[in-house]
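Scroll down for the structure; my scribbles are underneath it.
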Amino acid sequence: MTVSLVTGAGSGIGAATARRLGDRGDRVVCVDIDGDRAAEVADGIEHALAFTADITDEAQCDAMVSMAVDRFGGMDAVVTCAGIETMGDSLEFDPAAFRRIVDVNLTGSFLTAQRTARVMKAQGEGGWIVLIGSINSQAALPGAAAYIASKGGVLMLGRALALDLAPHGIRVNVIGPGVIDTPMTSDSLADSARREMLMERTPLGRPGNPEEIAEVAAFLTSDASSFMTGAFVPVDGGWLTR
Ligand code: NAP
């Protein structure tokens, strides 16, 4: 039985991914800084547990992995969806906010991957790690330097981990979502001028939904993607083709 861990599972892409992996029969550990929301998602999945953790905290990452192993007996698949975004002009941007964004989006992805990969290596049966990057891993937009820098880092983190973990049969890939309709984007999508700008840049002309990312995460955490590692997979309605 596959044991999967999803961070940011209390909302948006993480919640959809946890549900998708649960639907295929995985044991799913739903991790979020908001434990109540993670518990709500876990309650709707047949074999799932919720765990409250801030993935920037090493001890909390260790605890989430120990809990998964204790309760479900191992660790096979990880999808790192926990993330934050704060917009703001670079000239005025608060350095503390910059550090927090990099800490959650980049360092948190690293800690989650590192801690879970240690278990996968010890099991000796390989594993799957999927990092959620962004179209902003490759393309910048005005007013989001911290987020864009963090997501550029996630792309290269995924490639670096793919090299380091390939000898252990652990495959690491990065998904680059475009504009996806989640609580993270609700303000942008409710602002008609901003929505129009974002949709003009999206060839398919609509936001994606979280399930469209979850489907690709399910593929990348399965043998269907057996020759893929170090890949960047945009799921963006065509944004990066321009
Ligand atoms: P979301 O709905 O805001 O979900 C993110 C979840 O992660 C929230 O429950 C959030 O809790 C949680 N979280 C934040 N910091 C955390 C931490 N330190 N430890 C553990 N959990 C934490 O966002 P989403 O749209 O699903 O985004 C998921 C991922 O996809 C993010 O990495 C995001 O950057 C990426 N992405 C999203 C889009 C998009 O258009 N939506 C596009 C490209 C990439 P709080 O709500 O309490 O902060």
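Order determines the names: the first chain of the structure tokens is A, the second B, and so forth; residues in each chain are numbered 1 upward, and ligands are numbered 1 upward as they are shown.
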Review point. Given a cut-off of 7 Å, what residues near ligand 1 show up using only C-alpha atoms and all ligand atoms, put as a ChimeraX atom specification?
Key: /A:7-14,31-34,53-56,81-85,104-105,108,132-135,176-185
Compile the contact shell of Cys30 (chain A) as a PDB file with all heavy atoms, in the first residue's frame: residues with an atom at most 8 Å away, counting only C-alpha atoms, same-chain residues fewer than 3 positions apart removed.
```pdb
ATOM      1  N   LEU A   5       2.529  11.558   1.527  1.00  0.00           N
ATOM      2  CA  LEU A   5       2.463  12.720   2.412  1.00  0.00           C
ATOM      3  C   LEU A   5       2.300  13.957   1.534  1.00  0.00           C
ATOM      4  O   LEU A   5       3.041  14.129   0.555  1.00  0.00           O
ATOM      5  CB  LEU A   5       3.734  12.800   3.266  1.00  0.00           C
ATOM      6  CG  LEU A   5       3.806  13.925   4.300  1.00  0.00           C
ATOM      7  CD1 LEU A   5       4.556  13.432   5.550  1.00  0.00           C
ATOM      8  CD2 LEU A   5       4.513  15.163   3.756  1.00  0.00           C
ATOM      9  N   VAL A   6       1.336  14.771   1.876  1.00  0.00           N
ATOM     10  CA  VAL A   6       1.071  15.999   1.118  1.00  0.00           C
ATOM     11  C   VAL A   6       1.140  17.173   2.083  1.00  0.00           C
ATOM     12  O   VAL A   6       0.422  17.193   3.093  1.00  0.00           O
ATOM     13  CB  VAL A   6      -0.323  15.949   0.449  1.00  0.00           C
ATOM     14  CG1 VAL A   6      -0.588  17.239  -0.338  1.00  0.00           C
ATOM     15  CG2 VAL A   6      -0.457  14.730  -0.454  1.00  0.00           C
ATOM     16  N   THR A   7       2.010  18.152   1.797  1.00  0.00           N
ATOM     17  CA  THR A   7       2.028  19.365   2.617  1.00  0.00           C
ATOM     18  C   THR A   7       1.108  20.416   1.984  1.00  0.00           C
ATOM     19  O   THR A   7       0.831  20.363   0.782  1.00  0.00           O
ATOM     20  CB  THR A   7       3.445  19.947   2.761  1.00  0.00           C
ATOM     21  OG1 THR A   7       3.883  20.450   1.487  1.00  0.00           O
ATOM     22  CG2 THR A   7       4.431  18.914   3.284  1.00  0.00           C
ATOM     23  N   GLY A   8       0.634  21.322   2.816  1.00  0.00           N
ATOM     24  CA  GLY A   8      -0.342  22.303   2.319  1.00  0.00           C
ATOM     25  C   GLY A   8      -1.664  21.628   1.993  1.00  0.00           C
ATOM     26  O   GLY A   8      -2.451  22.127   1.184  1.00  0.00           O
ATOM     27  N   ALA A   9      -1.925  20.487   2.659  1.00  0.00           N
ATOM     28  CA  ALA A   9      -3.080  19.655   2.297  1.00  0.00           C
ATOM     29  C   ALA A   9      -4.403  20.225   2.788  1.00  0.00           C
ATOM     30  O   ALA A   9      -5.458  19.687   2.473  1.00  0.00           O
ATOM     31  CB  ALA A   9      -2.884  18.245   2.850  1.00  0.00           C
ATOM     32  N   GLY A  10      -4.336  21.327   3.543  1.00  0.00           N
ATOM     33  CA  GLY A  10      -5.576  21.887   4.055  1.00  0.00           C
ATOM     34  C   GLY A  10      -6.317  22.769   3.064  1.00  0.00           C
ATOM     35  O   GLY A  10      -7.438  23.197   3.342  1.00  0.00           O
ATOM     36  N   ALA A  18      -4.249  15.512  -2.062  1.00  0.00           N
ATOM     37  CA  ALA A  18      -4.497  14.512  -1.011  1.00  0.00           C
ATOM     38  C   ALA A  18      -5.716  13.662  -1.367  1.00  0.00           C
ATOM     39  O   ALA A  18      -5.690  12.432  -1.253  1.00  0.00           O
ATOM     40  CB  ALA A  18      -4.691  15.216   0.333  1.00  0.00           C
ATOM     41  N   ALA A  38      -6.531  20.706   7.649  1.00  0.00           N
ATOM     42  CA  ALA A  38      -5.956  19.414   7.241  1.00  0.00           C
ATOM     43  C   ALA A  38      -6.845  18.273   7.722  1.00  0.00           C
ATOM     44  O   ALA A  38      -7.061  17.289   6.993  1.00  0.00           O
ATOM     45  CB  ALA A  38      -4.544  19.271   7.808  1.00  0.00           C
ATOM     46  N   ALA A  39      -7.384  18.410   8.947  1.00  0.00           N
ATOM     47  CA  ALA A  39      -8.243  17.355   9.504  1.00  0.00           C
ATOM     48  C   ALA A  39      -9.526  17.220   8.688  1.00  0.00           C
ATOM     49  O   ALA A  39     -10.010  16.115   8.438  1.00  0.00           O
ATOM     50  CB  ALA A  39      -8.554  17.661  10.961  1.00  0.00           C
ATOM     51  N   VAL A  41      -9.901  17.792   5.520  1.00  0.00           N
ATOM     52  CA  VAL A  41      -9.582  17.096   4.264  1.00  0.00           C
ATOM     53  C   VAL A  41      -9.361  15.615   4.551  1.00  0.00           C
ATOM     54  O   VAL A  41      -9.898  14.737   3.857  1.00  0.00           O
ATOM     55  CB  VAL A  41      -8.343  17.730   3.585  1.00  0.00           C
ATOM     56  CG1 VAL A  41      -7.890  16.910   2.386  1.00  0.00           C
ATOM     57  CG2 VAL A  41      -8.663  19.173   3.171  1.00  0.00           C
ATOM     58  N   ALA A  42      -8.592  15.319   5.602  1.00  0.00           N
ATOM     59  CA  ALA A  42      -8.308  13.915   5.938  1.00  0.00           C
ATOM     60  C   ALA A  42      -9.593  13.159   6.241  1.00  0.00           C
ATOM     61  O   ALA A  42      -9.725  11.980   5.868  1.00  0.00           O
ATOM     62  CB  ALA A  42      -7.347  13.852   7.122  1.00  0.00           C
ATOM     63  N   ALA A  48      -6.597   8.185   5.891  1.00  0.00           N
ATOM     64  CA  ALA A  48      -5.803   9.426   5.972  1.00  0.00           C
ATOM     65  C   ALA A  48      -5.678   9.889   7.412  1.00  0.00           C
ATOM     66  O   ALA A  48      -6.523   9.587   8.252  1.00  0.00           O
ATOM     67  CB  ALA A  48      -6.461  10.514   5.132  1.00  0.00           C
ATOM     68  N   LEU A  49      -4.617  10.616   7.648  1.00  0.00           N
ATOM     69  CA  LEU A  49      -4.361  11.231   8.940  1.00  0.00           C
ATOM     70  C   LEU A  49      -4.008  12.687   8.709  1.00  0.00           C
ATOM     71  O   LEU A  49      -3.407  13.017   7.683  1.00  0.00           O
ATOM     72  CB  LEU A  49      -3.142  10.592   9.603  1.00  0.00           C
ATOM     73  CG  LEU A  49      -3.235   9.131   9.981  1.00  0.00           C
ATOM     74  CD1 LEU A  49      -1.849   8.607  10.297  1.00  0.00           C
ATOM     75  CD2 LEU A  49      -4.165   8.970  11.175  1.00  0.00           C
ATOM     76  N   ALA A  50      -4.342  13.520   9.670  1.00  0.00           N
ATOM     77  CA  ALA A  50      -3.948  14.926   9.584  1.00  0.00           C
ATOM     78  C   ALA A  50      -2.802  15.185  10.550  1.00  0.00           C
ATOM     79  O   ALA A  50      -2.717  14.549  11.605  1.00  0.00           O
ATOM     80  CB  ALA A  50      -5.133  15.815   9.921  1.00  0.00           C
ATOM     81  N   PHE A  51      -1.945  16.098  10.171  1.00  0.00           N
ATOM     82  CA  PHE A  51      -0.843  16.471  11.059  1.00  0.00           C
ATOM     83  C   PHE A  51      -0.612  17.971  10.908  1.00  0.00           C
ATOM     84  O   PHE A  51      -0.541  18.494   9.795  1.00  0.00           O
ATOM     85  CB  PHE A  51       0.434  15.710  10.686  1.00  0.00           C
ATOM     86  CG  PHE A  51       1.499  15.805  11.737  1.00  0.00           C
ATOM     87  CD1 PHE A  51       1.459  15.011  12.877  1.00  0.00           C
ATOM     88  CD2 PHE A  51       2.546  16.710  11.602  1.00  0.00           C
ATOM     89  CE1 PHE A  51       2.447  15.104  13.860  1.00  0.00           C
ATOM     90  CE2 PHE A  51       3.533  16.821  12.581  1.00  0.00           C
ATOM     91  CZ  PHE A  51       3.483  16.006  13.713  1.00  0.00           C
TER      92      PHE A  51
END
```
Check your understanding: Which residues come within 8 Å of Trp128 (chain A), counting only C-alpha atoms, excluding same-chain residues fewer than 6 positions away, as a list of chain:residue names?
Key ->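 Near Trp128 (chain A), the qualifying residues are A:Asp76, A:Ala77, A:Val78, A:Ile170, A:Arg171, A:Val172, A:Leu220, A:Thr221, A:Ser222.
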Prev. selection, N, CA and C atoms, output as a tab-separated table (two decimals), in the first residue's frame:
```tsv
chain	number	residue	atom	x	y	z
A	76	ASP	N	6.34	6.54	0.77
A	76	ASP	CA	6.60	6.25	-0.65
A	76	ASP	C	6.51	7.47	-1.56
A	77	ALA	N	5.58	8.36	-1.26
A	77	ALA	CA	5.32	9.48	-2.18
A	77	ALA	C	5.11	10.77	-1.39
A	78	VAL	N	5.69	11.85	-1.90
A	78	VAL	CA	5.56	13.15	-1.23
A	78	VAL	C	5.23	14.22	-2.27
A	170	ILE	N	14.96	7.17	-6.13
A	170	ILE	CA	13.94	8.16	-5.77
A	170	ILE	C	13.86	9.18	-6.90
A	171	ARG	N	12.69	9.29	-7.50
A	171	ARG	CA	12.52	10.25	-8.61
A	171	ARG	C	11.92	11.55	-8.09
A	172	VAL	N	12.47	12.66	-8.58
A	172	VAL	CA	12.04	13.99	-8.12
A	172	VAL	C	11.65	14.82	-9.34
A	220	LEU	N	2.96	11.61	-11.56
A	220	LEU	CA	4.39	11.69	-11.20
A	220	LEU	C	4.73	10.88	-9.94
A	221	THR	N	3.71	10.47	-9.20
A	221	THR	CA	3.93	9.58	-8.04
A	221	THR	C	3.41	8.19	-8.37
A	222	SER	N	3.73	7.74	-9.57
A	222	SER	CA	3.29	6.40	-9.98
A	222	SER	C	4.31	5.85	-10.97
```
Practice item. Tell me which protein, DNA and RNA residues are within 9 Å of Leu111 (chain A), counting only C-alpha atoms, leaving out same-chain ones fewer than 2 positions away, and put them as a PyMOL selection string. Key: chain A and resi 55-58+61-62+106-109+113-116
Please dump the current selection as an mmCIF file, in the first residue's frame; keep N, CA and C atoms.
```cif
data_model
loop_
_atom_site.group_PDB
_atom_site.id
_atom_site.type_symbol
_atom_site.label_atom_id
_atom_site.label_comp_id
_atom_site.auth_asym_id
_atom_site.auth_seq_id
_atom_site.Cartn_x
_atom_site.Cartn_y
_atom_site.Cartn_z
ATOM 1 N N ILE A 55 6.244 23.678 7.952
ATOM 2 C CA ILE A 55 7.308 22.916 7.289
ATOM 3 C C ILE A 55 8.644 23.676 7.234
ATOM 4 N N THR A 56 8.688 24.869 7.809
ATOM 5 C CA THR A 56 9.982 25.545 7.923
ATOM 6 C C THR A 56 10.722 25.112 9.192
ATOM 7 N N ASP A 57 10.054 24.347 10.030
ATOM 8 C CA ASP A 57 10.617 23.955 11.324
ATOM 9 C C ASP A 57 11.129 22.505 11.235
ATOM 10 N N GLU A 58 12.430 22.344 11.436
ATOM 11 C CA GLU A 58 13.032 21.016 11.262
ATOM 12 C C GLU A 58 12.423 19.973 12.194
ATOM 13 N N CYS A 61 9.072 18.939 10.971
ATOM 14 C CA CYS A 61 9.190 18.053 9.791
ATOM 15 C C CYS A 61 9.553 16.638 10.227
ATOM 16 N N ASP A 62 10.476 16.537 11.162
ATOM 17 C CA ASP A 62 10.840 15.205 11.670
ATOM 18 C C ASP A 62 9.629 14.524 12.300
ATOM 19 N N LEU A 106 10.793 27.549 -0.409
ATOM 20 C CA LEU A 106 12.027 26.868 -0.855
ATOM 21 C C LEU A 106 12.615 25.987 0.257
ATOM 22 N N THR A 107 12.947 26.593 1.389
ATOM 23 C CA THR A 107 13.559 25.797 2.469
ATOM 24 C C THR A 107 12.577 24.730 2.967
ATOM 25 N N GLY A 108 11.305 25.085 3.064
ATOM 26 C CA GLY A 108 10.298 24.107 3.493
ATOM 27 C C GLY A 108 10.199 22.931 2.530
ATOM 28 N N SER A 109 10.294 23.208 1.224
ATOM 29 C CA SER A 109 10.277 22.109 0.239
ATOM 30 C C SER A 109 11.502 21.229 0.428
ATOM 31 N N ALA A 113 11.438 17.303 1.558
ATOM 32 C CA ALA A 113 12.045 16.301 0.672
ATOM 33 C C ALA A 113 13.180 15.568 1.382
ATOM 34 N N GLN A 114 14.013 16.317 2.091
ATOM 35 C CA GLN A 114 15.153 15.686 2.778
ATOM 36 C C GLN A 114 14.687 14.662 3.802
ATOM 37 N N ARG A 115 13.731 15.065 4.643
ATOM 38 C CA ARG A 115 13.299 14.181 5.733
ATOM 39 C C ARG A 115 12.589 12.948 5.180
ATOM 40 N N THR A 116 11.782 13.112 4.156
ATOM 41 C CA THR A 116 11.063 11.952 3.620
ATOM 42 C C THR A 116 12.004 11.068 2.798
#
```
Report as CSV: every residue of region 103-182 of chain A with an atom at most 8 Å from region 66-74 of chain A, its closest pair of atoms, and their distance in Å to one decimal, counting only C-alpha atoms, with rows sorted by chain and ascending residue number.
```
residue,atom,partner,partner_atom,distance
A:Val119,CA,A:Gly74,CA,7.3
A:Met120,CA,A:Gly74,CA,7.8
A:Gln123,CA,A:Gly74,CA,7.7
```
Same residues, all heavy atoms, output as an mmCIF file, in the first residue's frame:
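What landed in selection.cif:
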```cif
data_model
loop_
_atom_site.group_PDB
_atom_site.id
_atom_site.type_symbol
_atom_site.label_atom_id
_atom_site.label_comp_id
_atom_site.auth_asym_id
_atom_site.auth_seq_id
_atom_site.Cartn_x
_atom_site.Cartn_y
_atom_site.Cartn_z
ATOM 1 N N VAL A 119 13.829 8.394 4.772
ATOM 2 C CA VAL A 119 13.034 7.178 5.023
ATOM 3 C C VAL A 119 12.995 6.314 3.763
ATOM 4 O O VAL A 119 13.174 5.091 3.819
ATOM 5 C CB VAL A 119 11.593 7.550 5.464
ATOM 6 C CG1 VAL A 119 10.759 6.283 5.657
ATOM 7 C CG2 VAL A 119 11.616 8.375 6.734
ATOM 8 N N MET A 120 12.782 6.937 2.619
ATOM 9 C CA MET A 120 12.726 6.171 1.354
ATOM 10 C C MET A 120 14.039 5.442 1.108
ATOM 11 O O MET A 120 14.061 4.276 0.716
ATOM 12 C CB MET A 120 12.432 7.113 0.189
ATOM 13 C CG MET A 120 11.055 7.741 0.221
ATOM 14 S SD MET A 120 10.919 8.981 -1.090
ATOM 15 C CE MET A 120 9.331 9.709 -0.710
ATOM 16 N N GLN A 123 14.301 2.460 3.308
ATOM 17 C CA GLN A 123 13.409 1.368 2.878
ATOM 18 C C GLN A 123 14.005 0.583 1.724
ATOM 19 O O GLN A 123 13.736 -0.596 1.541
ATOM 20 C CB GLN A 123 12.046 1.937 2.453
ATOM 21 C CG GLN A 123 11.238 2.489 3.595
ATOM 22 C CD GLN A 123 9.958 3.191 3.137
ATOM 23 O OE1 GLN A 123 9.115 3.476 3.950
ATOM 24 N NE2 GLN A 123 9.802 3.490 1.859
#
```
**Study point:** Picked from region 8-217 of chain A by DSSP as strand (DSSP E or B), as a PyMOL selection string
**Key:** chain A and resi 27-32+48-52+77-80+88+127-132+144+170-177+180+208
Export of prior selection with N, CA, C and O atoms as a CSV table (one decimal), in the first residue's frame:
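Below is the file result-v7.csv, written as the result:
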```
chain,number,residue,atom,x,y,z
A,27,ARG,N,-2.5,5.5,1.5
A,27,ARG,CA,-2.6,6.0,2.9
A,27,ARG,C,-2.1,7.4,2.8
A,27,ARG,O,-0.9,7.6,2.3
A,28,VAL,N,-2.8,8.4,3.2
A,28,VAL,CA,-2.4,9.8,2.9
A,28,VAL,C,-2.2,10.5,4.3
A,28,VAL,O,-3.1,10.6,5.1
A,29,VAL,N,-1.0,11.1,4.4
A,29,VAL,CA,-0.8,12.0,5.6
A,29,VAL,C,-1.0,13.5,5.1
A,29,VAL,O,-0.3,13.9,4.2
A,30,CYS,N,-2.0,14.1,5.6
A,30,CYS,CA,-2.4,15.5,5.2
A,30,CYS,C,-1.7,16.5,6.2
A,30,CYS,O,-2.1,16.5,7.4
A,31,VAL,N,-0.7,17.2,5.8
A,31,VAL,CA,0.0,18.1,6.6
A,31,VAL,C,-0.3,19.6,6.3
A,31,VAL,O,-0.4,19.9,5.1
A,32,ASP,N,-0.6,20.4,7.3
A,32,ASP,CA,-0.8,21.8,7.0
A,32,ASP,C,-0.5,22.6,8.3
A,32,ASP,O,-0.6,22.0,9.4
A,48,ALA,N,-6.6,8.2,5.9
A,48,ALA,CA,-5.8,9.4,6.0
A,48,ALA,C,-5.7,9.9,7.4
A,48,ALA,O,-6.5,9.6,8.3
A,49,LEU,N,-4.6,10.6,7.6
A,49,LEU,CA,-4.4,11.2,8.9
A,49,LEU,C,-4.0,12.7,8.7
A,49,LEU,O,-3.4,13.0,7.7
A,50,ALA,N,-4.3,13.5,9.7
A,50,ALA,CA,-3.9,14.9,9.6
A,50,ALA,C,-2.8,15.2,10.6
A,50,ALA,O,-2.7,14.5,11.6
A,51,PHE,N,-1.9,16.1,10.2
A,51,PHE,CA,-0.8,16.5,11.1
A,51,PHE,C,-0.6,18.0,10.9
A,51,PHE,O,-0.5,18.5,9.8
A,52,THR,N,-0.5,18.6,12.1
A,52,THR,CA,-0.2,20.1,12.0
A,52,THR,C,1.3,20.3,12.1
A,52,THR,O,1.9,19.9,13.0
A,77,ALA,N,5.6,8.4,-1.3
A,77,ALA,CA,5.3,9.5,-2.2
A,77,ALA,C,5.1,10.8,-1.4
A,77,ALA,O,4.5,10.8,-0.3
A,78,VAL,N,5.7,11.9,-1.9
A,78,VAL,CA,5.6,13.2,-1.2
A,78,VAL,C,5.2,14.2,-2.3
A,78,VAL,O,5.8,14.3,-3.3
A,79,VAL,N,4.3,15.1,-1.9
A,79,VAL,CA,4.0,16.2,-2.8
A,79,VAL,C,4.0,17.5,-1.9
A,79,VAL,O,3.2,17.6,-0.9
A,80,THR,N,4.9,18.4,-2.2
A,80,THR,CA,5.1,19.6,-1.4
A,80,THR,C,4.3,20.7,-1.9
A,80,THR,O,4.7,21.5,-2.8
A,88,GLY,N,4.2,42.8,-3.8
A,88,GLY,CA,4.7,44.1,-3.3
A,88,GLY,C,5.9,44.6,-4.2
A,88,GLY,O,6.6,43.8,-4.7
A,127,GLY,N,11.2,5.8,-4.4
A,127,GLY,CA,10.1,6.7,-4.0
A,127,GLY,C,9.9,7.8,-5.0
A,127,GLY,O,10.6,7.9,-6.0
A,128,TRP,N,8.9,8.6,-4.7
A,128,TRP,CA,8.5,9.7,-5.6
A,128,TRP,C,8.4,11.0,-4.8
A,128,TRP,O,7.8,11.0,-3.7
A,129,ILE,N,9.1,12.0,-5.3
A,129,ILE,CA,8.9,13.3,-4.7
A,129,ILE,C,8.5,14.3,-5.8
A,129,ILE,O,9.1,14.4,-6.8
A,130,VAL,N,7.4,15.1,-5.5
A,130,VAL,CA,7.0,16.1,-6.4
A,130,VAL,C,7.0,17.4,-5.7
A,130,VAL,O,6.4,17.6,-4.6
A,131,LEU,N,7.7,18.4,-6.2
A,131,LEU,CA,7.7,19.7,-5.7
A,131,LEU,C,6.8,20.6,-6.5
A,131,LEU,O,6.8,20.5,-7.8
A,132,ILE,N,6.0,21.4,-5.8
A,132,ILE,CA,5.2,22.3,-6.6
A,132,ILE,C,5.9,23.7,-6.8
A,132,ILE,O,6.2,24.4,-5.8
A,144,ALA,N,6.4,40.7,-7.6
A,144,ALA,CA,6.3,39.5,-6.8
A,144,ALA,C,7.7,38.9,-6.7
A,144,ALA,O,7.9,37.7,-6.8
A,170,ILE,N,15.0,7.2,-6.1
A,170,ILE,CA,13.9,8.2,-5.8
A,170,ILE,C,13.9,9.2,-6.9
A,170,ILE,O,14.9,9.8,-7.2
A,171,ARG,N,12.7,9.3,-7.5
A,171,ARG,CA,12.5,10.2,-8.6
A,171,ARG,C,11.9,11.5,-8.1
A,171,ARG,O,11.0,11.5,-7.3
A,172,VAL,N,12.5,12.7,-8.6
A,172,VAL,CA,12.0,14.0,-8.1
A,172,VAL,C,11.7,14.8,-9.3
A,172,VAL,O,12.5,15.0,-10.3
A,173,ASN,N,10.4,15.3,-9.4
A,173,ASN,CA,10.0,16.2,-10.5
A,173,ASN,C,9.3,17.4,-9.9
A,173,ASN,O,8.8,17.4,-8.8
A,174,VAL,N,9.2,18.4,-10.8
A,174,VAL,CA,8.6,19.7,-10.3
A,174,VAL,C,7.4,20.0,-11.3
A,174,VAL,O,7.6,20.0,-12.5
A,175,ILE,N,6.3,20.3,-10.7
A,175,ILE,CA,5.1,20.8,-11.4
A,175,ILE,C,5.1,22.3,-11.4
A,175,ILE,O,5.4,22.9,-10.4
A,176,GLY,N,4.8,22.9,-12.6
A,176,GLY,CA,4.7,24.4,-12.6
A,176,GLY,C,3.3,24.8,-12.9
A,176,GLY,O,2.9,24.9,-14.1
A,177,PRO,N,2.5,24.9,-11.9
A,177,PRO,CA,1.1,25.4,-12.2
A,177,PRO,C,1.0,26.8,-12.7
A,177,PRO,O,1.9,27.7,-12.4
A,180,ILE,N,-4.2,29.0,-11.0
A,180,ILE,CA,-5.1,28.0,-10.5
A,180,ILE,C,-6.1,28.6,-9.5
A,180,ILE,O,-5.7,29.4,-8.7
A,208,GLY,N,-6.9,27.3,-14.2
A,208,GLY,CA,-7.0,25.9,-14.0
A,208,GLY,C,-7.7,25.6,-12.6
A,208,GLY,O,-7.9,26.5,-11.8
```
Exercise for review: Enter the distance from CA of Asp36 (chain A) to CA of Met1 (chain A), in Å, rounded to one decimal.
Suggested key: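 Separating CA of Asp36 (chain A) from CA of Met1 (chain A) is a distance of 26.1 Å.
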Point to revise | Distance query region 19-23 of chain A at most 7 Å, only C-alpha atoms, self and fewer than 4 positions along chain excluded, as a list in words | key: Ala15, Arg27, Val28, Ile45, Glu46, His47, Ala214 and Ala218 of chain A
Exercise for review: Please identify which residues in region 140-222 of chain A DSSP calls helix (DSSP H, G or I) from the backbone, and express them as a VMD selection string.
Suggested key: chain A and resid 145 to 168 183 to 190 192 to 200 210 to 220
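Between CA of Asp187 (chain A) and CA of Pro95 (chain A) there is a distance of 23.2 Å.
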